[in-house]
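Structure file structure18.csv (CSV, C-alpha atoms) follows.
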chain,number,residue,atom,x,y,z
M,1,GLN,CA,38.0,22.9,57.9
M,2,SER,CA,35.0,21.0,59.3
M,3,ILE,CA,32.8,23.5,57.6
M,4,THR,CA,34.6,23.1,54.3
M,5,HIS,CA,34.3,19.3,54.6
M,6,PHE,CA,30.6,19.6,55.3
M,7,VAL,CA,30.0,21.8,52.2
M,8,ILE,CA,31.9,19.4,50.0
M,9,GLU,CA,29.9,16.5,51.3
M,10,GLU,CA,26.6,18.3,50.7
M,11,GLN,CA,27.7,19.2,47.2
M,12,LYS,CA,28.4,15.5,46.5
M,13,LYS,CA,24.9,14.6,47.9
M,14,THR,CA,23.3,17.2,45.7
M,15,MET,CA,25.1,16.0,42.6
M,16,LYS,CA,24.1,12.4,43.3
M,17,LEU,CA,20.5,13.5,43.7
M,18,THR,CA,20.6,15.5,40.5
M,19,LEU,CA,22.0,12.6,38.5
M,20,SER,CA,19.4,10.3,39.9
M,21,LEU,CA,16.6,12.7,39.0
M,22,LEU,CA,18.0,13.2,35.6
M,23,ALA,CA,18.2,9.5,34.9
M,24,SER,CA,14.6,9.0,36.1
M,25,GLY,CA,13.4,11.7,33.8
M,26,ALA,CA,12.2,14.0,36.6
M,27,LEU,CA,14.6,16.7,35.4
M,28,SER,CA,15.6,17.5,31.8
M,29,ALA,CA,19.0,18.2,30.6
M,30,SER,CA,17.9,21.6,29.3
M,31,ALA,CA,17.8,22.7,32.9
M,32,PHE,CA,21.6,22.6,32.9
M,33,THR,CA,22.2,24.5,29.6
M,34,GLY,CA,24.1,27.1,31.6
M,35,SER,CA,26.4,24.6,33.2
M,36,PRO,CA,29.8,23.5,31.8
M,37,LEU,CA,29.2,20.0,33.0
M,38,ALA,CA,29.0,17.0,30.6
M,39,PHE,CA,25.3,17.4,30.0
M,40,ALA,CA,25.8,19.2,26.7
M,41,PRO,CA,25.5,16.1,24.5
M,42,ALA,CA,22.0,15.6,25.8
M,43,SER,CA,21.0,19.0,24.6
M,44,VAL,CA,22.5,18.7,21.1
M,45,SER,CA,19.7,18.7,18.5
M,46,ARG,CA,19.7,15.5,16.4
M,47,PRO,CA,17.3,15.3,13.4
M,48,SER,CA,14.9,12.4,13.8
M,49,THR,CA,14.5,9.6,11.3
M,50,THR,CA,11.1,11.0,10.4
M,51,ALA,CA,12.6,14.5,9.8
M,52,LEU,CA,15.4,13.0,7.6
M,53,ASP,CA,13.0,10.9,5.6
M,54,ALA,CA,10.7,14.0,5.1
M,55,SER,CA,13.7,16.0,4.0
M,56,LYS,CA,14.8,13.4,1.5
M,57,ASN,CA,11.2,13.1,0.2
M,58,LYS,CA,11.1,16.9,-0.3
M,59,LEU,CA,14.3,16.7,-2.3
M,60,LYS,CA,12.8,13.9,-4.4
M,61,ILE,CA,9.6,15.8,-5.0
M,62,ALA,CA,11.6,18.9,-6.0
M,63,SER,CA,13.7,16.8,-8.4
M,64,ARG,CA,10.6,15.2,-10.0
M,65,THR,CA,8.8,18.5,-10.2
M,66,LYS,CA,11.7,20.0,-12.1
M,67,TRP,CA,11.7,16.9,-14.3
M,68,ALA,CA,7.9,17.4,-15.0
M,69,GLU,CA,8.2,21.1,-15.6
M,70,SER,CA,11.0,20.5,-18.1
M,71,ARG,CA,8.4,18.5,-20.1
M,72,GLY,CA,5.8,21.1,-19.9
M,73,PHE,CA,3.5,19.6,-17.2
M,74,GLY,CA,4.1,22.2,-14.5
M,75,SER,CA,4.4,21.4,-10.8
M,76,ALA,CA,1.1,19.5,-10.9
M,77,GLY,CA,3.2,16.7,-12.6
M,78,VAL,CA,4.3,15.6,-9.2
M,79,ALA,CA,2.1,15.3,-6.1
M,80,GLU,CA,2.4,13.7,-2.7
M,81,SER,CA,-0.3,11.7,-1.0
M,82,GLU,CA,0.1,10.2,2.5
M,83,GLY,CA,3.9,10.2,2.1
M,84,VAL,CA,3.8,8.4,-1.2
M,85,ALA,CA,4.9,10.5,-4.2
M,86,ALA,CA,3.0,10.5,-7.4
M,87,GLY,CA,4.1,11.8,-10.8
M,88,LEU,CA,6.8,11.3,-13.4
M,89,MET,CA,9.7,9.1,-12.2
M,90,THR,CA,12.6,6.9,-13.4
M,91,ASN,CA,13.4,3.4,-12.2
M,92,ALA,CA,16.8,2.1,-11.1
M,93,ASP,CA,17.7,1.3,-14.7
M,94,GLY,CA,16.7,4.7,-16.1
M,95,LEU,CA,13.3,3.8,-17.5
M,96,GLU,CA,10.7,6.5,-17.1
M,97,TYR,CA,7.3,5.8,-15.6
M,98,VAL,CA,4.3,7.6,-14.1
M,99,LYS,CA,3.2,6.7,-10.6
M,100,LEU,CA,-0.5,7.3,-9.7
M,101,VAL,CA,-1.6,7.6,-6.1
M,102,HIS,CA,-5.2,7.9,-4.9
M,103,PRO,CA,-5.5,10.4,-2.1
M,104,ASP,CA,-8.4,8.8,-0.3
M,105,THR,CA,-7.7,5.1,-0.6
M,106,GLY,CA,-4.0,4.9,-0.9
M,107,ALA,CA,-4.3,2.8,-4.0
M,108,THR,CA,-1.4,3.1,-6.5
M,109,SER,CA,-0.6,2.3,-10.1
M,110,GLU,CA,2.5,2.5,-12.3
M,111,VAL,CA,2.6,3.1,-16.0
M,112,TYR,CA,5.8,2.9,-18.0
M,113,LEU,CA,6.4,5.1,-21.1
M,114,LEU,CA,8.2,2.2,-22.8
M,115,GLY,CA,5.3,0.3,-24.4
M,116,GLY,CA,2.7,2.5,-22.5
M,117,VAL,CA,2.4,-0.5,-20.2
M,118,VAL,CA,0.7,-0.5,-16.8
M,119,THR,CA,3.0,-2.6,-14.6
M,120,SER,CA,1.2,-2.2,-11.2
M,121,TYR,CA,-2.2,-1.8,-9.6
M,122,VAL,CA,-2.3,-2.0,-5.8
M,123,ASP,CA,-5.7,-1.5,-4.3
M,124,GLY,CA,-6.5,0.3,-1.0
M,125,ASP,CA,-5.9,-3.0,0.9
M,126,GLY,CA,-2.4,-3.3,-0.4
M,127,GLN,CA,-3.1,-6.2,-2.8
M,128,GLU,CA,-1.1,-6.1,-6.1
M,129,PHE,CA,-3.2,-7.3,-9.1
M,130,ILE,CA,-0.8,-6.8,-12.0
M,131,ALA,CA,2.1,-9.2,-12.6
M,132,VAL,CA,5.5,-8.6,-14.1
M,133,ARG,CA,7.4,-11.8,-14.9
M,134,PRO,CA,10.7,-12.5,-13.0
M,135,ASP,CA,12.5,-12.7,-16.3
M,136,ALA,CA,11.3,-9.3,-17.4
M,137,LYS,CA,13.9,-6.7,-18.5
M,138,MET,CA,13.2,-3.3,-17.0
M,139,ASP,CA,16.1,-1.5,-18.7
M,140,GLY,CA,14.6,-0.9,-22.1
M,141,SER,CA,16.6,-3.7,-23.8
M,142,LYS,CA,13.4,-5.4,-24.8
M,143,PRO,CA,9.6,-5.0,-24.2
M,144,ILE,CA,8.5,-5.4,-20.6
M,145,SER,CA,7.3,-9.0,-20.1
M,146,GLY,CA,4.2,-8.4,-18.0
M,147,GLY,CA,1.7,-5.7,-17.1
M,148,LEU,CA,-1.1,-4.6,-19.4
M,149,SER,CA,1.0,-5.0,-22.5
M,150,HIS,CA,-0.2,-3.5,-25.8
M,151,CYS,CA,-0.5,-5.7,-28.9
M,152,TRP,CA,-1.0,-3.2,-31.7
M,153,PRO,CA,-1.6,-3.0,-34.7
M,154,GLN,CA,-1.2,-6.8,-34.8
M,155,PHE,CA,-2.1,-9.5,-32.4
M,156,GLY,CA,0.2,-12.5,-32.6
M,157,PRO,CA,2.2,-13.4,-35.7
M,158,GLY,CA,1.4,-11.8,-39.1
M,159,GLU,CA,2.8,-9.4,-41.7
M,160,ILE,CA,4.8,-7.4,-39.3
M,161,GLN,CA,6.6,-8.4,-36.1
M,162,GLN,CA,4.9,-10.5,-33.3
M,163,HIS,CA,2.3,-8.4,-31.5
M,164,GLY,CA,3.1,-5.3,-33.5
M,165,PHE,CA,5.2,-2.4,-32.3
M,166,ALA,CA,3.2,-0.5,-29.6
M,167,ARG,CA,5.0,-2.4,-26.8
M,168,ASN,CA,8.4,-1.6,-28.3
M,169,VAL,CA,8.3,2.2,-28.5
M,170,ASN,CA,8.3,5.0,-26.0
M,171,TRP,CA,4.9,6.6,-25.6
M,172,THR,CA,4.6,10.4,-25.0
M,173,VAL,CA,3.0,11.8,-21.8
M,174,LYS,CA,0.3,14.2,-22.9
M,175,SER,CA,-1.2,14.9,-19.5
M,176,VAL,CA,-0.7,13.7,-15.9
M,177,THR,CA,-2.4,14.3,-12.5
M,178,GLU,CA,-2.1,12.6,-9.2
M,179,THR,CA,-4.6,9.9,-10.3
M,180,SER,CA,-4.5,9.8,-14.1
M,181,VAL,CA,-2.2,9.8,-17.1
M,182,GLU,CA,-2.7,10.1,-20.8
M,183,LEU,CA,-0.1,8.7,-23.2
M,184,GLU,CA,0.2,9.1,-26.9
M,185,MET,CA,1.8,7.1,-29.7
M,186,ALA,CA,2.3,8.6,-33.2
M,187,PRO,CA,4.0,7.3,-36.3
M,188,SER,CA,7.8,7.4,-36.3
M,189,ASP,CA,10.5,6.4,-38.7
M,190,TYR,CA,10.7,3.1,-36.8
M,191,THR,CA,7.0,2.3,-37.2
M,192,LYS,CA,6.7,3.6,-40.8
M,193,GLU,CA,9.4,1.1,-41.9
M,194,MET,CA,7.0,-1.8,-41.0
M,195,TRP,CA,3.5,-0.1,-41.1
M,196,ASP,CA,3.2,3.2,-42.9
M,197,LYS,CA,-0.2,4.4,-41.8
M,198,GLU,CA,-1.4,7.7,-40.5
M,199,PHE,CA,-2.5,6.7,-37.0
M,200,LEU,CA,-2.7,8.2,-33.5
M,201,CYS,CA,-3.1,6.1,-30.4
M,202,THR,CA,-4.0,7.5,-27.1
M,203,PHE,CA,-4.0,5.4,-23.9
M,204,SER,CA,-5.4,6.8,-20.7
M,205,VAL,CA,-5.3,5.3,-17.2
M,206,ASP,CA,-7.5,6.5,-14.4
M,207,LEU,CA,-6.9,5.4,-10.8
M,208,GLU,CA,-10.4,5.6,-9.2
M,209,ALA,CA,-11.3,4.9,-5.6
M,210,ASP,CA,-12.6,1.3,-6.3
M,211,GLN,CA,-11.1,0.4,-9.7
M,212,LEU,CA,-8.4,1.1,-12.4
M,213,SER,CA,-9.9,2.3,-15.7
M,214,THR,CA,-8.1,2.3,-19.0
M,215,LYS,CA,-9.0,3.6,-22.5
M,216,MET,CA,-7.3,2.8,-25.8
M,217,PHE,CA,-8.3,5.3,-28.5
M,218,VAL,CA,-7.2,4.8,-32.0
M,219,GLU,CA,-7.6,7.5,-34.7
M,220,ASN,CA,-7.0,7.3,-38.5
M,221,LYS,CA,-5.5,10.7,-39.3
M,222,GLY,CA,-5.2,9.9,-43.0
M,223,GLU,CA,-7.6,9.6,-45.8
M,224,GLU,CA,-7.1,5.9,-46.6
M,225,SER,CA,-8.6,3.2,-44.4
M,226,PHE,CA,-6.4,0.7,-42.6
M,227,ASP,CA,-7.0,-2.6,-40.7
M,228,PHE,CA,-5.6,-3.4,-37.3
M,229,GLN,CA,-6.0,-5.8,-34.4
M,230,ALA,CA,-5.6,-4.8,-30.8
M,231,ALA,CA,-5.1,-6.5,-27.4
M,232,LEU,CA,-4.1,-5.8,-23.8
M,233,HIS,CA,-1.9,-8.8,-23.1
M,234,SER,CA,-2.8,-8.5,-19.4
M,235,TYR,CA,-0.7,-10.3,-16.7
M,236,PHE,CA,-2.5,-10.8,-13.4
M,237,THR,CA,-1.0,-12.0,-10.1
M,238,VAL,CA,-1.9,-15.4,-8.7
M,239,SER,CA,-1.0,-16.7,-5.3
M,240,ALA,CA,-0.7,-20.1,-6.9
M,241,LEU,CA,-2.5,-21.6,-10.0
M,242,GLU,CA,-4.1,-24.2,-7.7
M,243,ASN,CA,-5.9,-21.4,-6.0
M,244,LEU,CA,-7.3,-19.8,-9.2
M,245,GLU,CA,-10.7,-20.0,-10.9
M,246,ILE,CA,-11.7,-17.9,-13.9
M,247,SER,CA,-15.4,-17.5,-14.3
M,248,GLY,CA,-17.5,-15.8,-16.9
M,249,SER,CA,-19.8,-16.8,-19.8
M,250,PHE,CA,-17.4,-19.5,-21.0
M,251,GLU,CA,-19.6,-22.6,-20.5
M,252,GLY,CA,-20.9,-24.1,-23.8
M,253,LYS,CA,-18.9,-21.7,-26.0
M,254,GLU,CA,-16.4,-22.7,-28.7
M,255,PHE,CA,-12.8,-21.6,-28.4
M,256,LEU,CA,-9.6,-22.0,-30.4
M,257,ASN,CA,-7.1,-24.2,-28.5
M,258,LYS,CA,-3.9,-23.1,-30.2
M,259,LEU,CA,-1.9,-25.9,-28.6
M,260,ALA,CA,-4.1,-28.7,-29.9
M,261,GLY,CA,-3.4,-30.6,-33.0
M,262,ASP,CA,-0.9,-29.4,-35.6
M,263,GLY,CA,-2.1,-25.8,-35.9
M,264,GLY,CA,-4.8,-25.5,-33.2
M,265,GLU,CA,-8.4,-26.7,-33.2
M,266,MET,CA,-11.8,-25.5,-32.2
M,267,GLN,CA,-13.1,-27.0,-29.0
M,268,THR,CA,-16.1,-26.5,-26.7
M,269,GLU,CA,-15.7,-25.2,-23.2
M,270,GLU,CA,-17.7,-27.5,-20.8
M,271,ARG,CA,-16.7,-25.7,-17.6
M,272,SER,CA,-18.4,-22.7,-15.9
M,273,ALA,CA,-15.2,-21.9,-14.0
M,274,ILE,CA,-11.8,-22.5,-15.6
M,275,THR,CA,-8.8,-23.9,-13.8
M,276,ILE,CA,-5.3,-24.1,-15.3
M,277,THR,CA,-3.4,-27.4,-14.9
M,278,GLU,CA,-1.5,-27.4,-18.2
M,279,GLU,CA,0.0,-24.9,-20.7
M,280,TYR,CA,-2.7,-22.6,-22.0
M,281,ASP,CA,-3.1,-20.5,-25.2
M,282,ARG,CA,-6.9,-20.3,-25.9
M,283,VAL,CA,-8.9,-17.8,-27.8
M,284,TYR,CA,-12.5,-17.3,-26.6
M,285,LYS,CA,-14.2,-15.1,-29.2
M,286,GLY,CA,-17.3,-13.2,-28.1
M,287,ILE,CA,-16.5,-13.7,-24.4
M,288,ASN,CA,-15.4,-10.5,-22.6
M,289,ASP,CA,-16.6,-10.9,-18.9
M,290,PRO,CA,-13.9,-12.8,-17.1
M,291,VAL,CA,-13.6,-12.7,-13.3
M,292,LEU,CA,-10.5,-14.0,-11.5
M,293,LYS,CA,-11.1,-15.6,-8.1
M,294,ASP,CA,-8.0,-16.3,-5.9
M,295,ALA,CA,-8.7,-18.5,-2.9
M,296,GLY,CA,-5.2,-17.7,-1.6
M,297,THR,CA,-5.7,-14.0,-1.3
M,298,GLY,CA,-9.4,-14.0,-0.8
M,299,LYS,CA,-9.8,-11.5,-3.6
M,300,THR,CA,-11.6,-11.4,-7.0
M,301,LEU,CA,-10.7,-9.2,-10.0
M,302,SER,CA,-13.4,-8.4,-12.5
M,303,VAL,CA,-12.1,-7.5,-16.0
M,304,LEU,CA,-14.8,-5.0,-17.2
M,305,ASN,CA,-14.6,-4.8,-21.0
M,306,THR,CA,-17.2,-2.2,-21.8
M,307,ALA,CA,-16.3,-1.1,-25.3
M,308,GLY,CA,-14.2,-2.5,-28.1
M,309,TRP,CA,-12.6,-5.5,-26.4
M,310,GLU,CA,-14.9,-8.3,-27.6
M,311,ASP,CA,-12.8,-11.4,-27.0
M,312,THR,CA,-10.7,-13.0,-24.3
M,313,VAL,CA,-7.5,-15.0,-24.5
M,314,LEU,CA,-6.2,-17.2,-21.7
M,315,TRP,CA,-2.4,-17.8,-21.7
M,316,ASN,CA,0.0,-19.5,-19.2
M,317,PRO,CA,3.3,-21.1,-19.9
M,318,TYR,CA,2.6,-23.9,-17.4
M,319,GLY,CA,5.7,-25.5,-16.0
M,320,ASP,CA,8.1,-22.7,-17.0
M,321,GLU,CA,9.8,-21.8,-13.8
M,322,GLY,CA,11.9,-19.1,-15.4
M,323,MET,CA,8.8,-17.2,-16.4
M,324,GLY,CA,7.3,-17.7,-12.9
M,325,TYR,CA,4.3,-19.6,-14.4
M,326,ASN,CA,2.7,-20.4,-11.0
M,327,ASN,CA,2.2,-16.8,-9.9
M,328,PHE,CA,0.5,-15.2,-12.9
M,329,VAL,CA,-2.1,-15.8,-15.6
M,330,CYS,CA,-2.7,-13.8,-18.7
M,331,VAL,CA,-6.4,-12.9,-19.2
M,332,GLU,CA,-6.2,-10.8,-22.3
M,333,SER,CA,-8.7,-8.2,-23.5
M,334,VAL,CA,-8.7,-8.6,-27.3
M,335,LYS,CA,-10.2,-7.4,-30.6
M,336,PHE,CA,-9.3,-10.5,-32.6
M,337,ASP,CA,-11.1,-9.8,-35.9
M,338,PRO,CA,-9.4,-6.9,-37.7
M,339,VAL,CA,-11.0,-3.5,-37.4
M,340,THR,CA,-11.3,-1.6,-40.6
M,341,LEU,CA,-10.9,2.1,-39.8
M,342,ALA,CA,-11.9,4.6,-42.4
M,343,GLY,CA,-10.0,7.9,-42.9
M,344,GLY,CA,-11.0,10.3,-40.0
M,345,ALA,CA,-12.7,7.5,-38.0
M,346,SER,CA,-11.8,6.2,-34.6
M,347,TRP,CA,-12.0,3.1,-32.4
M,348,THR,CA,-12.2,2.9,-28.6
M,349,GLY,CA,-11.3,0.0,-26.2
M,350,ASP,CA,-12.5,0.5,-22.6
M,351,MET,CA,-11.3,-1.9,-19.9
M,352,ALA,CA,-11.4,-1.5,-16.1
M,353,LEU,CA,-10.1,-3.7,-13.3
M,354,LYS,CA,-12.4,-3.9,-10.3
M,355,PRO,CA,-11.3,-5.8,-7.2
M,356,GLY,CA,-13.7,-7.6,-4.9
M,357,SER,CA,-13.9,-10.1,-2.1
M,358,ALA,CA,-13.9,-13.8,-2.8
M,359,GLU,CA,-15.9,-14.6,0.4

File written out as structure tokens:
Amino acid sequence: QSITHFVIEEQKKTMKLTLSLLASGALSASAFTGSPLAFAPASVSRPSTTALDASKNKLKIASRTKWAESRGFGSAGVAESEGVAAGLMTNADGLEYVKLVHPDTGATSEVYLLGGVVTSYVDGDGQEFIAVRPDAKMDGSKPISGGLSHCWPQFGPGEIQQHGFARNVNWTVKSVTETSVELEMAPSDYTKEMWDKEFLCTFSVDLEADQLSTKMFVENKGEESFDFQAALHSYFTVSALENLEISGSFEGKEFLNKLAGDGGEMQTEERSAITITEEYDRVYKGINDPVLKDAGTGKTLSVLNTAGWEDTVLWNPYGDEGMGYNNFVCVESVKFDPVTLAGGASWTGDMALKPGSAE
């Protein structure tokens, strides 16, 4: 009996020591896989959060790949870079867009098929440069208010609807890679009702290591010439208007202040760096080298208009809280004077956005 008591006491000591070692990490629960004791839960395999996220991401990639292949782009239509998917996607409201991701810098961009509008450009430092207004509709019920919005074949009011129809229609994806997309807009019954011309517009976006490059290419596919205006009604982010300066070759140049007088008046710009402290709608013809400097972010953004875009328009609805006036400015790349395009001819507008440091 004393021997039995001794054995029981020794077993108790051994169990206490084992539990102590297990709690301290000196022993692993796997050492007890053959035991019926209550260590089994510790050996049950539970998928980690990382594994679950990776699995979900694979499902998303597979879904987007199928989506891309159904449109003839192959599996290259969707790629993955540093855990961020690139390719053809849809937003929460069902609108289709293309996400671009640079594999080296991590920079990203988003381009919506509705209106062919670039709605985001985030550089490798994580700074967003393109603004979308807080009152924008992202469900297709109206053109997207923000981004690099197309005004074509008319800028402003005129014979057809305000700013034309390019921002109202769905563009077609012609090609897409991880860092580039090419969209196309051709005549449709909708466009022919207001502007019956044989045109073809191609808009390409390239996400480079240090900048975002765009190209608007307009072709006259018919025999008769036609006239058009063009603009990128570009919305750029601002930490606050009080932190913003816009430099360029503005000083001493004449501009049209559309808010002055009864129908606007020509004025002379006396400043080398423009600040915005009131409502703005100003057309600077012959000036196409604006640089935005934001003291709040410590960043600059150079708008590099290297072909086609000859003019700049500055617009801001100062005081309009609903539009979010204090966090964006429109610095638009414009071809204000109409272009006469002969049959078979073409026109190109090249514009790139290049971030820099304000220091």

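Between atom CA of Asn170 of chain M and atom CA of Lys137 of chain M the interatomic distance comes to 15.0 Å.
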
(request) Quote the spacing between atom CA of Glu208 of chain M and atom CA of Ser234 of chain M in Å to one decimal place. (result)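 These two atoms are separated by 19.0 Å.
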
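As for atom CA of Ser141 of chain M and atom CA of Ala166 of chain M, they are spaced 14.9 Å apart.
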
(request) Rank M:Lys354, M:Thr277, M:Arg167, M:Ser180 by their smallest atom-to-atom distance to Cys151 of chain M, using all atoms listed in the file, and report the top residue only. (result) M:Arg167

List as a Markdown table every residue of segment 214-295 of chain M that is in contact with segment 184-207 of chain M, defined as an atom at most 9 Å from one of its atoms (using only C-alpha atoms), together with the nearest atom pair and the distance in Å rounded to one decimal, sorted by chain and then rising number.
| residue | atom | partner | partner_atom | distance |
| --- | --- | --- | --- | --- |
| M:Thr214 | CA | M:Val205 | CA | 4.5 |
| M:Lys215 | CA | M:Ser204 | CA | 5.1 |
| M:Met216 | CA | M:Phe203 | CA | 4.6 |
| M:Phe217 | CA | M:Thr202 | CA | 5.0 |
| M:Val218 | CA | M:Cys201 | CA | 4.6 |
| M:Glu219 | CA | M:Leu200 | CA | 5.1 |
| M:Asn220 | CA | M:Phe199 | CA | 4.8 |
| M:Lys221 | CA | M:Glu198 | CA | 5.2 |
| M:Gly222 | CA | M:Glu198 | CA | 5.1 |
| M:Glu223 | CA | M:Glu198 | CA | 8.4 |
| M:Glu224 | CA | M:Lys197 | CA | 8.5 |
| M:Ser225 | CA | M:Lys197 | CA | 8.9 |
| M:Phe226 | CA | M:Lys197 | CA | 7.3 |

(request) Counting only C-alpha atoms, figure out which residue out of M:Asn326, M:Asp281, M:Ala231, M:Gly298 gets nearest to Glu310 of chain M. (result)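 Result for the nearest residue to Glu310 of chain M: M:Ala231.
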
(message) Every residue with an atom at most 12 Å from (4.5, -14.4, -12.0) (file coordinates; only C-alpha atoms) is what I'm after, so could you write them as a ChimeraX atom specification?
(response) /M:128-136,145-147,234-241,316-330

Within 8 Å of (-5.0, 11.5, -3.7), in the coordinates the file gives, what residues turn up when you count all atoms listed in the file, written out as a PDB file with C-alpha atoms, keeping the file's coordinate frame?
ATOM      1  CA  GLU M  80       2.400  13.700  -2.700  1.00  0.00           C
ATOM      2  CA  SER M  81      -0.300  11.700  -1.000  1.00  0.00           C
ATOM      3  CA  VAL M 101      -1.600   7.600  -6.100  1.00  0.00           C
ATOM      4  CA  HIS M 102      -5.200   7.900  -4.900  1.00  0.00           C
ATOM      5  CA  PRO M 103      -5.500  10.400  -2.100  1.00  0.00           C
ATOM      6  CA  ASP M 104      -8.400   8.800  -0.300  1.00  0.00           C
ATOM      7  CA  THR M 105      -7.700   5.100  -0.600  1.00  0.00           C
ATOM      8  CA  GLY M 106      -4.000   4.900  -0.900  1.00  0.00           C
ATOM      9  CA  GLU M 178      -2.100  12.600  -9.200  1.00  0.00           C
ATOM     10  CA  THR M 179      -4.600   9.900 -10.300  1.00  0.00           C
TER      11      THR M 179
END

(request) Considering all atoms listed in the file, state which residue in the set M:Ser249, M:Ser333, M:Gln229, M:Asn243 is at the smallest distance from Ala358 of chain M. (result)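 Smallest separation from Ala358 of chain M among the options: M:Asn243.
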
(message) I'd like to know which of M:Asp139, M:Val118, M:Asp125, M:Glu245 is closest to Asn91 of chain M, using all atoms listed in the file.
(response)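 Nearest candidate to Asn91 of chain M out of M:Asp139, M:Val118, M:Asp125, M:Glu245: M:Asp139.
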
(request) Go through M:Trp309, M:Tyr112, M:Trp171, M:Phe250 one by one, measure the shortest atom-to-atom distance of each to Ala352 of chain M using only C-alpha atoms, and give the residue with the smallest value. (result) M:Trp309

(request) Using only C-alpha atoms, find the one residue out of M:Leu232, M:Glu159, M:Leu353, M:Ala342 that sits nearest to Asp289 of chain M. (result)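 So, comparing all the options, the nearest one is M:Leu353.
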
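The shell of residues at most 9 Å from Ile274 of chain M, with all atoms listed in the file counted and near chain neighbours (fewer than 4 positions) removed, consists of Leu244, Glu245, Ile246, Ser247, Gly248, Phe250 and Glu269 of chain M.
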
(message) Please list as an MDAnalysis selection string every residue within 10 Å of Gly264 of chain M, counting only C-alpha atoms and excluding residues in the same chain fewer than 5 positions away.
(response) chainID M and resid 256:259 281:282

(message) Give me, as an MDAnalysis selection string, all polymer residues having an atom no more than 9 Å from Asp123 of chain M, counting all atoms listed in the file and skipping those fewer than 6 positions away in the same chain.
(response) chainID M and resid 105:109 129 209:212 355
